[in-house]
Amino acid sequence: MAGPAFRAAAVRVRVPATSANLGPGFDSLGLSLGLYDDVVVRVADSGLHIDIAGEGSETLPRDEKHLLVRSLRTAFDLLGGQPRGLEIVCANRIPHGRGLGSSSAAICAGIVAARAVTIGGESKLDDAALLELATEIEGHPDNVAPCLLGGFTIAWMEAGAARAIRLEPADSIVPVVFVPGKPLLTETARGLLPRTVPHVDAAANAGRAALLVEALTRNPELLLPATEDRLHQEYRAPAMPESAALVERLRADGVPAVISGAGPTVLALVDEGSADKTAHLAGEGWAANRLRLDARGASVLPLAP
């Protein structure tokens, strides 16, 4: 059987940063943020060439070990076969190891690019299959769902398969991220979680997660109580004491703040009138960035002229 046919022209894929958990929505809720990695992929006659600029340019591998390449390869297998060669250019802006979904961005960029560069790729790997594949590579759907779909997502596993729905976050919400200088491995943060939690805490989180859906979509004035968490942030605090202290300080000032993903970045969800003031509250040692909400998710864009 003949293998797949590939486009001669390069494809450009843009993928957003994401913030998962959002306080009480552990391993289920995610938000797509207006901070992007760009990847250009072209099928070549032979070999593998990777050029990386920006975040991770000094540390990321430039061979088959690169997560983006591994994701490309996995998607190409599902699409019918591997190309003879690949040329890849990465422009990375999402900080690595900071709880902003850099791994999910690499995975989603790889599988979307593989589909885009394969003729007839969308008929072989539809959007539901993309989510399933990204979750299989990543291990959890909470970051890959907003990266693929954009907006505010609720993700879950059903009968072993990844599922997600996309909701429109309120236009008035302005994300402000406080990024520390040092990374934290997701495995380290996850390793601090207990196997069981008190029933009263689980019940409290269920109520807050439900409230957070309302707060993020229709009533942002409820974001402070809606982002209260008892399930994971307190347990992870010993691995990121500065982040935990910043969350506590911001919340004491009435700012809805949470640990972004597994940390150590802190995410505040504020309005236009308080965004600039909030960005100055962290002090030294933090890179405060006022972002916007991303509505598109992973996108195939025209090549820059």
# chains A, B, ... in the order shown; residues from 1 in each chain; ligands from 1

call {"tool": "residues_around", "arguments": {"residues": "Val213 of chain A", "least_positions_apart": "2", "cutoff": "12 Å", "atoms": "only C-alpha atoms", "output": "mmCIF file with N, CA and C atoms, in the first residue's frame"}}
result
data_model
loop_
_atom_site.group_PDB
_atom_site.id
_atom_site.type_symbol
_atom_site.label_atom_id
_atom_site.label_comp_id
_atom_site.auth_asym_id
_atom_site.auth_seq_id
_atom_site.Cartn_x
_atom_site.Cartn_y
_atom_site.Cartn_z
ATOM 1 N N ASN A 21 -6.069 23.733 35.704
ATOM 2 C CA ASN A 21 -6.560 23.662 37.085
ATOM 3 C C ASN A 21 -7.377 24.897 37.454
ATOM 4 N N LEU A 22 -6.771 26.083 37.330
ATOM 5 C CA LEU A 22 -7.469 27.338 37.611
ATOM 6 C C LEU A 22 -8.054 27.367 39.019
ATOM 7 N N GLY A 23 -7.314 26.762 39.938
ATOM 8 C CA GLY A 23 -7.769 26.682 41.321
ATOM 9 C C GLY A 23 -8.437 25.354 41.575
ATOM 10 N N PRO A 24 -9.774 25.317 41.658
ATOM 11 C CA PRO A 24 -10.451 24.074 42.039
ATOM 12 C C PRO A 24 -10.619 23.058 40.912
ATOM 13 N N GLY A 25 -10.358 23.443 39.669
ATOM 14 C CA GLY A 25 -10.622 22.542 38.539
ATOM 15 C C GLY A 25 -9.473 21.614 38.233
ATOM 16 N N SER A 28 -8.931 19.201 35.058
ATOM 17 C CA SER A 28 -10.138 19.253 34.228
ATOM 18 C C SER A 28 -10.346 20.597 33.543
ATOM 19 N N LEU A 29 -10.086 21.707 34.207
ATOM 20 C CA LEU A 29 -10.351 23.020 33.624
ATOM 21 C C LEU A 29 -9.070 23.616 33.043
ATOM 22 N N GLY A 30 -9.223 24.346 31.942
ATOM 23 C CA GLY A 30 -8.058 24.966 31.305
ATOM 24 C C GLY A 30 -8.438 26.229 30.566
ATOM 25 N N LEU A 31 -7.478 27.119 30.439
ATOM 26 C CA LEU A 31 -7.693 28.408 29.796
ATOM 27 C C LEU A 31 -6.570 28.647 28.799
ATOM 28 N N PHE A 152 -11.962 28.655 27.005
ATOM 29 C CA PHE A 152 -12.041 27.994 28.311
ATOM 30 C C PHE A 152 -12.576 26.596 28.078
ATOM 31 N N THR A 153 -11.875 25.585 28.563
ATOM 32 C CA THR A 153 -12.275 24.212 28.280
ATOM 33 C C THR A 153 -12.486 23.403 29.549
ATOM 34 N N ILE A 154 -13.398 22.455 29.432
ATOM 35 C CA ILE A 154 -13.612 21.431 30.450
ATOM 36 C C ILE A 154 -13.262 20.100 29.796
ATOM 37 N N ILE A 165 -15.042 20.025 26.076
ATOM 38 C CA ILE A 165 -15.954 21.017 25.513
ATOM 39 C C ILE A 165 -15.321 22.391 25.691
ATOM 40 N N ARG A 166 -15.645 23.264 24.777
ATOM 41 C CA ARG A 166 -15.101 24.620 24.792
ATOM 42 C C ARG A 166 -16.195 25.615 25.127
ATOM 43 N N LEU A 167 -15.900 26.532 26.056
ATOM 44 C CA LEU A 167 -16.816 27.593 26.426
ATOM 45 C C LEU A 167 -16.145 28.939 26.166
ATOM 46 N N GLU A 168 -16.953 29.962 26.003
ATOM 47 C CA GLU A 168 -16.408 31.300 25.771
ATOM 48 C C GLU A 168 -16.186 32.011 27.101
ATOM 49 N N PRO A 169 -14.949 32.337 27.429
ATOM 50 C CA PRO A 169 -14.730 33.115 28.656
ATOM 51 C C PRO A 169 -15.231 34.543 28.475
ATOM 52 N N ALA A 170 -15.580 35.179 29.580
ATOM 53 C CA ALA A 170 -16.069 36.552 29.532
ATOM 54 C C ALA A 170 -14.988 37.478 28.969
ATOM 55 N N ALA A 206 -15.703 20.649 44.601
ATOM 56 C CA ALA A 206 -16.731 20.398 43.593
ATOM 57 C C ALA A 206 -17.633 21.615 43.437
ATOM 58 N N GLY A 207 -18.015 22.213 44.543
ATOM 59 C CA GLY A 207 -18.849 23.406 44.479
ATOM 60 C C GLY A 207 -18.141 24.587 43.863
ATOM 61 N N ARG A 208 -16.861 24.767 44.225
ATOM 62 C CA ARG A 208 -16.098 25.887 43.674
ATOM 63 C C ARG A 208 -15.829 25.697 42.172
ATOM 64 N N ALA A 209 -15.573 24.479 41.742
ATOM 65 C CA ALA A 209 -15.343 24.229 40.316
ATOM 66 C C ALA A 209 -16.585 24.542 39.504
ATOM 67 N N ALA A 210 -17.747 24.154 40.033
ATOM 68 C CA ALA A 210 -19.003 24.476 39.351
ATOM 69 C C ALA A 210 -19.209 25.985 39.298
ATOM 70 N N LEU A 211 -18.913 26.667 40.397
ATOM 71 C CA LEU A 211 -19.044 28.125 40.434
ATOM 72 C C LEU A 211 -18.072 28.788 39.470
ATOM 73 N N ALA A 215 -18.379 31.835 36.817
ATOM 74 C CA ALA A 215 -17.574 33.041 36.981
ATOM 75 C C ALA A 215 -16.750 33.357 35.739
ATOM 76 N N LEU A 216 -16.206 32.341 35.112
ATOM 77 C CA LEU A 216 -15.354 32.562 33.940
ATOM 78 C C LEU A 216 -16.151 32.918 32.690
ATOM 79 N N THR A 217 -17.392 32.533 32.654
ATOM 80 C CA THR A 217 -18.162 32.743 31.426
ATOM 81 C C THR A 217 -19.169 33.889 31.512
ATOM 82 N N ARG A 218 -19.756 34.098 32.700
ATOM 83 C CA ARG A 218 -20.842 35.082 32.772
ATOM 84 C C ARG A 218 -20.725 36.077 33.920
ATOM 85 N N ASN A 219 -20.127 35.684 35.038
ATOM 86 C CA ASN A 219 -20.097 36.547 36.216
ATOM 87 C C ASN A 219 -18.694 36.626 36.810
ATOM 88 N N PRO A 220 -17.783 37.362 36.161
ATOM 89 C CA PRO A 220 -16.403 37.448 36.659
ATOM 90 C C PRO A 220 -16.283 38.012 38.069
ATOM 91 N N LEU A 222 -17.509 36.904 40.525
ATOM 92 C CA LEU A 222 -17.463 35.753 41.438
ATOM 93 C C LEU A 222 -16.127 35.019 41.409
ATOM 94 N N LEU A 223 -15.150 35.547 40.668
ATOM 95 C CA LEU A 223 -13.900 34.812 40.478
ATOM 96 C C LEU A 223 -13.123 34.583 41.776
ATOM 97 N N ALA A 226 -14.737 31.707 43.527
ATOM 98 C CA ALA A 226 -14.764 30.564 42.610
ATOM 99 C C ALA A 226 -13.403 29.925 42.427
ATOM 100 N N THR A 227 -12.324 30.651 42.680
ATOM 101 C CA THR A 227 -10.970 30.098 42.494
ATOM 102 C C THR A 227 -10.383 29.541 43.785
#

call {"tool": "residues_around", "arguments": {"residues": "Leu130 of chain A", "least_positions_apart": "4", "cutoff": "8 Å", "atoms": "only C-alpha atoms", "output": "list of chain:residue names"}}
result
A:Ile111, A:Val112, A:Leu125, A:Asp126, A:Ala134

call {"tool": "write_last_selection", "arguments": {"atoms": "C-alpha atoms", "output": "PDB file, in the first residue's frame"}}
result
ATOM      1  CA  ILE A 111       0.380  16.718  15.637  1.00  0.00           C
ATOM      2  CA  VAL A 112      -1.363  19.693  14.004  1.00  0.00           C
ATOM      3  CA  LEU A 125      -7.105  12.603  11.770  1.00  0.00           C
ATOM      4  CA  ASP A 126     -10.119  14.701  12.736  1.00  0.00           C
ATOM      5  CA  ALA A 134      -2.454  14.728  22.274  1.00  0.00           C
TER       6      ALA A 134
END

call {"tool": "residues_around", "arguments": {"residues": "segment 77-93 of chain A", "least_positions_apart": "3", "cutoff": "8 Å", "atoms": "only C-alpha atoms", "output": "ChimeraX atom specification"}}
result
/A:3-4,6,35-56,73-74,115,118,121,124-125

call {"tool": "atom_distance", "arguments": {"atom1": "atom CA of Leu68 of chain A", "atom2": "atom CA of Leu100 of chain A"}}
result
16.4 Å

call {"tool": "residues_around", "arguments": {"residues": "Leu133 of chain A", "least_positions_apart": "4", "cutoff": "8 Å", "atoms": "only C-alpha atoms", "output": "PyMOL selection string"}}
result
chain A and resi 75+129+137

call {"tool": "residues_around", "arguments": {"residues": "Ser104 of chain A", "least_positions_apart": "6", "cutoff": "7 Å", "atoms": "only C-alpha atoms", "output": "MDAnalysis selection string"}}
result
chainID A and resid 138 143:144

call {"tool": "select_by_dssp", "arguments": {"residues": "segment 109-271 of chain A", "states": "strand (DSSP E or B)", "output": "PyMOL selection string"}}
result
chain A and resi 118+152-158+161-167+174-180+257-259+266-270

call {"tool": "atom_distance", "arguments": {"atom1": "atom CA of Gly261 of chain A", "atom2": "atom CA of Ala244 of chain A"}}
result
12.9 Å

call {"tool": "closest_residue", "arguments": {"among": "A:Glu228, A:Glu234, A:Asp27, A:Glu272", "to": "Thr135 of chain A", "atoms": "only C-alpha atoms"}}
result
A:Asp27

call {"tool": "select_by_dssp", "arguments": {"residues": "segment 55-300 of chain A", "states": "helix (DSSP H, G or I)", "output": "MDAnalysis selection string"}}
result
chainID A and resid 67:79 102:117 121:124 127:138 141:149 186:191 199:217 220:226 233:239 241:252 272:279

call {"tool": "atom_distance", "arguments": {"atom1": "atom CA of Gly99 of chain A", "atom2": "atom CA of Ile259 of chain A"}}
result
8.1 Å
